[in-house]
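Okay, run29.pdb now, which holds PDB, C-alpha atoms:
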```
MODEL        1
ATOM      1  CA  MET M   1    -123.646  50.143 -55.177
ATOM      2  CA  ASP M   2    -122.694  53.347 -53.339
ATOM      3  CA  ALA M   3    -119.144  54.655 -53.856
ATOM      4  CA  ALA M   4    -117.887  54.536 -50.257
ATOM      5  CA  PRO M   5    -118.184  50.766 -49.685
ATOM      6  CA  THR M   6    -116.820  50.139 -53.191
ATOM      7  CA  ALA M   7    -113.678  52.177 -52.527
ATOM      8  CA  ALA M   8    -113.233  50.611 -49.106
ATOM      9  CA  LEU M   9    -113.618  47.126 -50.568
ATOM     10  CA  LYS M  10    -110.897  47.827 -53.128
ATOM     11  CA  ARG M  11    -108.493  49.017 -50.443
ATOM     12  CA  ALA M  12    -109.318  45.984 -48.307
ATOM     13  CA  ASP M  13    -108.747  43.660 -51.266
ATOM     14  CA  ASN M  14    -105.320  45.250 -51.698
ATOM     15  CA  ALA M  15    -104.573  44.764 -48.017
ATOM     16  CA  LEU M  16    -105.223  41.037 -48.344
ATOM     17  CA  SER M  17    -103.535  40.549 -51.729
ATOM     18  CA  PRO M  18    -100.290  38.548 -52.184
ATOM     19  CA  ALA M  19     -97.119  40.202 -50.900
ATOM     20  CA  PRO M  20     -93.959  39.166 -49.024
ATOM     21  CA  VAL M  21     -95.041  37.558 -45.764
ATOM     22  CA  LEU M  22     -94.103  39.524 -42.666
ATOM     23  CA  ALA M  23     -94.434  38.526 -39.042
ATOM     24  CA  LEU M  24     -97.532  40.315 -37.775
ATOM     25  CA  GLN M  25     -98.296  41.281 -34.227
ATOM     26  CA  PRO M  26    -101.442  39.511 -32.982
ATOM     27  CA  LEU M  27    -103.501  42.713 -33.051
ATOM     28  CA  ALA M  28    -102.757  43.300 -36.742
ATOM     29  CA  ALA M  29    -103.262  39.642 -37.630
ATOM     30  CA  HIS M  30    -106.720  39.596 -36.041
ATOM     31  CA  LEU M  31    -107.590  42.953 -37.587
ATOM     32  CA  LEU M  32    -106.964  41.466 -41.049
ATOM     33  CA  GLN M  33    -109.495  38.743 -40.188
ATOM     34  CA  ARG M  34    -112.074  41.347 -39.268
ATOM     35  CA  ILE M  35    -111.436  43.180 -42.528
ATOM     36  CA  ALA M  36    -112.119  39.965 -44.416
ATOM     37  CA  ALA M  37    -115.380  39.546 -42.509
ATOM     38  CA  LEU M  38    -116.447  43.134 -43.221
ATOM     39  CA  GLN M  39    -115.810  42.569 -46.915
ATOM     40  CA  THR M  40    -118.136  39.587 -46.765
ATOM     41  CA  GLY M  41    -120.769  41.627 -44.936
ATOM     42  CA  ILE M  42    -120.754  44.331 -47.604
ATOM     43  CA  ARG M  43    -121.058  41.740 -50.366
ATOM     44  CA  LEU M  44    -123.999  40.167 -48.564
ATOM     45  CA  TYR M  45    -125.661  43.573 -48.365
ATOM     46  CA  ASN M  46    -125.231  43.823 -52.143
ATOM     47  CA  LEU M  47    -127.107  40.526 -52.465
ATOM     48  CA  LEU M  48    -129.720  41.660 -49.937
ATOM     49  CA  GLU M  49    -130.278  44.804 -51.994
ATOM     50  CA  GLU M  50    -130.896  42.645 -55.072
ATOM     51  CA  ALA M  51    -133.257  40.353 -53.143
ATOM     52  CA  VAL M  52    -135.205  43.342 -51.808
ATOM     53  CA  GLN M  53    -135.476  44.862 -55.274
ATOM     54  CA  ARG M  54    -136.960  41.619 -56.584
ATOM     55  CA  VAL M  55    -139.911  41.949 -54.185
ATOM     56  CA  ALA M  56    -140.154  45.751 -54.069
ATOM     57  CA  ASP M  57    -143.689  47.128 -53.784
ATOM     58  CA  THR M  58    -145.238  43.659 -53.713
ATOM     59  CA  ILE M  59    -147.074  41.847 -50.974
ATOM     60  CA  ALA M  60    -143.796  40.036 -50.247
ATOM     61  CA  ASP M  61    -142.092  43.122 -48.815
ATOM     62  CA  ALA M  62    -145.180  44.472 -47.015
ATOM     63  CA  PRO M  63    -144.000  43.016 -43.655
ATOM     64  CA  LEU M  64    -140.674  44.854 -43.993
ATOM     65  CA  ARG M  65    -142.404  48.140 -44.778
ATOM     66  CA  ALA M  66    -144.591  47.601 -41.718
ATOM     67  CA  VAL M  67    -141.515  47.145 -39.520
ATOM     68  CA  LEU M  68    -139.916  50.347 -40.843
ATOM     69  CA  SER M  69    -143.158  52.269 -40.269
ATOM     70  CA  ALA M  70    -143.427  50.948 -36.708
ATOM     71  CA  ASN M  71    -139.861  51.971 -35.830
ATOM     72  CA  LEU M  72    -139.748  55.533 -37.116
ATOM     73  CA  PRO M  73    -137.430  57.851 -35.152
ATOM     74  CA  GLU M  74    -139.150  60.668 -33.306
ATOM     75  CA  GLY M  75    -139.941  63.561 -35.621
ATOM     76  CA  VAL M  76    -139.765  61.475 -38.805
ATOM     77  CA  ALA M  77    -143.103  61.170 -40.566
ATOM     78  CA  THR M  78    -142.217  59.066 -43.608
ATOM     79  CA  PRO M  79    -140.442  55.729 -43.332
ATOM     80  CA  PRO M  80    -137.566  54.966 -45.716
ATOM     81  CA  THR M  81    -138.111  52.419 -48.431
ATOM     82  CA  VAL M  82    -136.776  48.954 -47.707
ATOM     83  CA  HIS M  83    -134.194  49.474 -50.447
ATOM     84  CA  ASP M  84    -132.992  52.772 -48.963
ATOM     85  CA  GLU M  85    -132.710  51.154 -45.538
ATOM     86  CA  VAL M  86    -130.504  48.393 -46.958
ATOM     87  CA  VAL M  87    -128.328  50.973 -48.732
ATOM     88  CA  GLY M  88    -127.977  52.909 -45.475
ATOM     89  CA  LEU M  89    -126.980  49.831 -43.492
ATOM     90  CA  ARG M  90    -124.433  48.886 -46.139
ATOM     91  CA  ALA M  91    -122.973  52.400 -46.060
ATOM     92  CA  GLU M  92    -122.557  52.063 -42.302
ATOM     93  CA  LEU M  93    -120.634  48.833 -42.844
ATOM     94  CA  GLY M  94    -118.506  50.669 -45.410
ATOM     95  CA  ARG M  95    -117.622  53.275 -42.763
ATOM     96  CA  GLN M  96    -116.660  50.476 -40.406
ATOM     97  CA  LEU M  97    -114.358  49.089 -43.081
ATOM     98  CA  GLU M  98    -112.776  52.535 -43.418
ATOM     99  CA  THR M  99    -112.187  52.518 -39.653
ATOM    100  CA  ALA M 100    -110.534  49.105 -39.916
ATOM    101  CA  MET M 101    -108.268  50.233 -42.754
ATOM    102  CA  GLU M 102    -107.238  53.328 -40.776
ATOM    103  CA  ALA M 103    -106.387  51.106 -37.812
ATOM    104  CA  LEU M 104    -104.339  48.843 -40.090
ATOM    105  CA  ALA M 105    -102.310  51.834 -41.263
ATOM    106  CA  ARG M 106    -101.810  52.950 -37.668
ATOM    107  CA  LEU M 107    -100.334  49.540 -36.855
ATOM    108  CA  ASP M 108     -97.842  50.012 -39.714
ATOM    109  CA  VAL M 109     -99.079  46.997 -41.632
ATOM    110  CA  PRO M 110     -98.045  47.137 -45.331
ATOM    111  CA  ALA M 111    -100.716  48.044 -47.868
ATOM    112  CA  ALA M 112    -100.609  44.474 -49.195
ATOM    113  CA  GLN M 113    -100.150  41.878 -46.497
ATOM    114  CA  PRO M 114    -101.292  38.269 -46.883
ATOM    115  CA  SER M 115    -102.858  36.450 -43.989
ATOM    116  CA  ALA M 116    -103.745  32.757 -44.098
ATOM    117  CA  ASP M 117    -106.155  33.216 -41.184
ATOM    118  CA  ALA M 118    -107.904  36.125 -42.908
ATOM    119  CA  GLU M 119    -108.161  34.032 -46.045
ATOM    120  CA  ARG M 120    -109.773  31.218 -44.042
ATOM    121  CA  ILE M 121    -112.296  33.659 -42.576
ATOM    122  CA  GLY M 122    -113.089  34.859 -46.078
ATOM    123  CA  CYS M 123    -113.547  31.290 -47.291
ATOM    124  CA  MET M 124    -115.764  30.286 -44.382
ATOM    125  CA  LEU M 125    -118.049  33.281 -44.659
ATOM    126  CA  GLY M 126    -117.816  33.204 -48.440
ATOM    127  CA  GLY M 127    -119.928  30.053 -48.368
ATOM    128  CA  LEU M 128    -122.817  32.198 -47.126
ATOM    129  CA  VAL M 129    -122.276  34.664 -49.951
ATOM    130  CA  GLU M 130    -122.273  31.836 -52.475
ATOM    131  CA  ALA M 131    -125.496  30.397 -51.060
ATOM    132  CA  ALA M 132    -127.190  33.799 -51.079
ATOM    133  CA  ALA M 133    -126.022  34.722 -54.572
ATOM    134  CA  SER M 134    -128.616  32.725 -56.478
ATOM    135  CA  ALA M 135    -131.631  34.629 -57.740
ATOM    136  CA  ASP M 136    -133.704  31.693 -56.455
ATOM    137  CA  THR M 137    -132.559  32.206 -52.860
ATOM    138  CA  PRO M 138    -135.532  33.468 -50.805
ATOM    139  CA  LEU M 139    -135.245  36.830 -49.098
ATOM    140  CA  GLN M 140    -135.527  35.136 -45.702
ATOM    141  CA  GLN M 141    -132.403  33.076 -46.373
ATOM    142  CA  VAL M 142    -130.428  36.077 -47.609
ATOM    143  CA  LEU M 143    -131.389  37.845 -44.385
ATOM    144  CA  PHE M 144    -130.295  34.814 -42.362
ATOM    145  CA  ALA M 145    -126.905  34.818 -44.102
ATOM    146  CA  ALA M 146    -126.398  38.525 -43.405
ATOM    147  CA  ILE M 147    -127.446  38.148 -39.756
ATOM    148  CA  SER M 148    -125.048  35.225 -39.323
ATOM    149  CA  VAL M 149    -122.085  37.221 -40.635
ATOM    150  CA  LEU M 150    -122.950  40.328 -38.611
ATOM    151  CA  LEU M 151    -123.283  38.418 -35.341
ATOM    152  CA  ALA M 152    -120.085  36.442 -35.901
ATOM    153  CA  ASP M 153    -118.154  39.571 -36.813
ATOM    154  CA  SER M 154    -119.595  41.517 -33.877
ATOM    155  CA  ALA M 155    -118.194  38.863 -31.546
ATOM    156  CA  GLY M 156    -114.857  39.074 -33.345
ATOM    157  CA  TRP M 157    -114.676  42.849 -32.940
ATOM    158  CA  ALA M 158    -115.540  42.602 -29.240
ATOM    159  CA  ALA M 159    -112.705  40.113 -28.748
ATOM    160  CA  LEU M 160    -110.354  42.323 -30.775
ATOM    161  CA  ALA M 161    -111.291  45.316 -28.603
ATOM    162  CA  THR M 162    -110.313  43.316 -25.526
ATOM    163  CA  LEU M 163    -106.965  42.444 -27.116
ATOM    164  CA  ALA M 164    -106.332  46.071 -28.088
ATOM    165  CA  GLU M 165    -107.060  47.183 -24.535
ATOM    166  CA  ALA M 166    -104.651  44.575 -23.171
ATOM    167  CA  GLU M 167    -101.984  45.923 -25.535
ATOM    168  CA  GLU M 168    -102.688  49.457 -24.260
ATOM    169  CA  GLU M 169    -104.217  50.599 -27.548
ATOM    170  CA  LYS M 170    -107.061  52.366 -25.780
ATOM    171  CA  ASP M 171    -108.191  54.412 -28.760
ATOM    172  CA  LEU M 172    -108.299  51.387 -31.059
ATOM    173  CA  SER M 173    -110.081  49.385 -28.383
ATOM    174  CA  GLY M 174    -112.839  51.989 -28.226
ATOM    175  CA  ARG M 175    -113.192  52.064 -32.007
ATOM    176  CA  PHE M 176    -113.329  48.285 -32.245
ATOM    177  CA  ARG M 177    -115.939  48.022 -29.513
ATOM    178  CA  LEU M 178    -118.097  50.588 -31.304
ATOM    179  CA  VAL M 179    -117.940  48.524 -34.509
ATOM    180  CA  SER M 180    -118.988  45.465 -32.493
ATOM    181  CA  VAL M 181    -122.010  47.303 -31.079
ATOM    182  CA  GLU M 182    -123.022  48.710 -34.471
ATOM    183  CA  GLU M 183    -122.871  45.297 -36.129
ATOM    184  CA  ALA M 184    -124.931  43.751 -33.334
ATOM    185  CA  GLN M 185    -127.517  46.515 -33.821
ATOM    186  CA  GLN M 186    -127.623  45.842 -37.545
ATOM    187  CA  ALA M 187    -128.122  42.126 -36.913
ATOM    188  CA  GLN M 188    -130.970  42.945 -34.534
ATOM    189  CA  ALA M 189    -132.632  45.156 -37.158
ATOM    190  CA  LEU M 190    -132.369  42.439 -39.803
ATOM    191  CA  GLN M 191    -133.656  39.877 -37.318
ATOM    192  CA  GLY M 192    -136.766  42.044 -36.943
ATOM    193  CA  TRP M 193    -137.240  41.838 -40.709
ATOM    194  CA  LEU M 194    -136.752  38.081 -40.691
ATOM    195  CA  GLU M 195    -139.267  37.624 -37.898
ATOM    196  CA  ALA M 196    -141.794  39.831 -39.719
ATOM    197  CA  LEU M 197    -141.454  37.752 -42.879
ATOM    198  CA  MET M 198    -141.852  34.513 -40.940
ATOM    199  CA  LEU M 199    -144.943  35.802 -39.114
ATOM    200  CA  ALA M 200    -146.505  36.964 -42.374
ATOM    201  CA  GLU M 201    -145.753  33.622 -43.967
ATOM    202  CA  SER M 202    -147.621  31.914 -41.156
ATOM    203  CA  GLY M 203    -150.615  34.210 -41.591
ATOM    204  CA  ARG M 204    -149.985  36.206 -38.417
ATOM    205  CA  ASN M 205    -149.736  39.975 -38.055
ATOM    206  CA  VAL M 206    -146.366  41.662 -37.736
TER     207      VAL M 206
ENDMDL
END
```
What would you get if you wrote out this structure as structure tokens?
Amino acid sequence: MDAAPTAALKRADNALSPAPVLALQPLAAHLLQRIAALQTGIRLYNLLEEAVQRVADTIADAPLRAVLSANLPEGVATPPTVHDEVVGLRAELGRQLETAMEALARLDVPAAQPSADAERIGCMLGGLVEAAASADTPLQQVLFAAISVLLADSAGWAALATLAEAEEEKDLSGRFRLVSVEEAQQAQALQGWLEALMLAESGRNV
């Protein structure tokens, strides 16, 4: 696993670890929930990386390689490997977690602040991590779990951006909305992979 998401995960774990309970403003309370969701997203990318490695360079990942080849940016001649693409997407999520931790510090939330709501979010989404963690879980289902978390969290960030704007935190609102857009884009990219796998499974071309 690359260093950036690992370091960000550790800081996020500290932010959600037991400490004296303080009354949090709504913006900070909801931000802690989004941090919990981002942690889950990064852990799902870890599992997706493992699932991709299990089928690397086999007929099973051919549809994914076809998608990457078909969506090359202008001027790029060689598509990334499926593994490298997963690592890149996870790194982007790690940067989003860094943004969230910076926002938490700006709101003067202690380094270790418990949140029952954030814990619930972690538990709810953690069920997807648990289901995807088995080596027997098909790649399609790991993708579905990751897409589910990304779409849910994207909606959460959009709502948080609206709250930040209402509280006249314009800069934070813009940052939160950008995270929402980036997560939606990631979900769309993974949906393309899922569709390609399903089409190939049915004997149709990608």
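Here the PyMOL selection byres ((chain M and resi 124) around 12) matches the residues Gln33, Ala36, Ala37, Thr40, Asp117, Ala118, Glu119, Arg120, Ile121, Gly122, Cys123, Leu125, Gly126, Gly127, Leu128, Val129, Glu130, Ala131, Ser148, Val149 and Ala152 of chain M.
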- Message: Just want the 7 Å neighbourhood of range 62-69 of chain M, counted on only C-alpha atoms, with same-chain residues fewer than 2 positions away dropped. Output as JSON, numbers by chain.
- Response: {"M": [58, 59, 60, 71, 72, 79, 82, 193, 196, 197, 200, 206]}
Do you know which residues the PyMOL selection byres ((chain M and resi 160) around 8) returns on this file, as a PDB file with C-alpha atoms, in the frame of the given file?
```
ATOM      1  CA  LEU M  27    -103.501  42.713 -33.051  1.00  0.00           C
ATOM      2  CA  HIS M  30    -106.720  39.596 -36.041  1.00  0.00           C
ATOM      3  CA  LEU M  31    -107.590  42.953 -37.587  1.00  0.00           C
ATOM      4  CA  GLY M 156    -114.857  39.074 -33.345  1.00  0.00           C
ATOM      5  CA  TRP M 157    -114.676  42.849 -32.940  1.00  0.00           C
ATOM      6  CA  ALA M 158    -115.540  42.602 -29.240  1.00  0.00           C
ATOM      7  CA  ALA M 159    -112.705  40.113 -28.748  1.00  0.00           C
ATOM      8  CA  ALA M 161    -111.291  45.316 -28.603  1.00  0.00           C
ATOM      9  CA  THR M 162    -110.313  43.316 -25.526  1.00  0.00           C
ATOM     10  CA  LEU M 163    -106.965  42.444 -27.116  1.00  0.00           C
ATOM     11  CA  ALA M 164    -106.332  46.071 -28.088  1.00  0.00           C
ATOM     12  CA  SER M 173    -110.081  49.385 -28.383  1.00  0.00           C
ATOM     13  CA  PHE M 176    -113.329  48.285 -32.245  1.00  0.00           C
TER      14      PHE M 176
END
```
- For the file shown, what are the residues hit by the PyMOL selection byres ((chain M and resi 83) around 7), laid out as a PyMOL selection string? chain M and resi 49+52-53+81-82+84-87
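Counting all atoms listed in the file, the residue from M:Glu165, M:Glu195, M:Glu74, M:Glu98 that sits nearest to Leu139 in chain M is M:Glu195.
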- Check the smallest atom-to-atom distance from each of M:Ala51, M:Val179, M:Leu150, M:Leu97 to Asp136 in chain M using all atoms listed in the file, then report the winner. M:Ala51
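Using all atoms listed in the file, the nearest neighbour of Glu167 in chain M within the list M:Leu107, M:Arg95, M:Leu190, M:Ala132 is M:Leu107.
With all atoms listed in the file as the atoms that count, the residue of M:Val142, M:Ala155, M:Ala184, M:Ala166 with the shortest distance to Glu50 in chain M is M:Val142.
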- Message: Quick check, in Å to one decimal: how far apart do CA of Arg90 in chain M and CA of Gln188 in chain M lie?
- Response: 14.6 Å
- Contacts of Leu93 in chain M within 9 Å, all atoms listed in the file, excl. fewer than 3 positions in-chain, as a VMD selection string: chain M and resid 5 38 to 39 41 to 42 88 to 90 96 to 98 179 182 to 183
Mind dumping the selected residues with C-alpha atoms as a short mmCIF file (atom, residue, chain, number, x, y, z; two decimals), in the frame of the given file?
```cif
data_model
loop_
_atom_site.label_atom_id
_atom_site.label_comp_id
_atom_site.auth_asym_id
_atom_site.auth_seq_id
_atom_site.Cartn_x
_atom_site.Cartn_y
_atom_site.Cartn_z
CA PRO M 5 -118.18 50.77 -49.68
CA LEU M 38 -116.45 43.13 -43.22
CA GLN M 39 -115.81 42.57 -46.92
CA GLY M 41 -120.77 41.63 -44.94
CA ILE M 42 -120.75 44.33 -47.60
CA GLY M 88 -127.98 52.91 -45.48
CA LEU M 89 -126.98 49.83 -43.49
CA ARG M 90 -124.43 48.89 -46.14
CA GLN M 96 -116.66 50.48 -40.41
CA LEU M 97 -114.36 49.09 -43.08
CA GLU M 98 -112.78 52.54 -43.42
CA VAL M 179 -117.94 48.52 -34.51
CA GLU M 182 -123.02 48.71 -34.47
CA GLU M 183 -122.87 45.30 -36.13
#
```
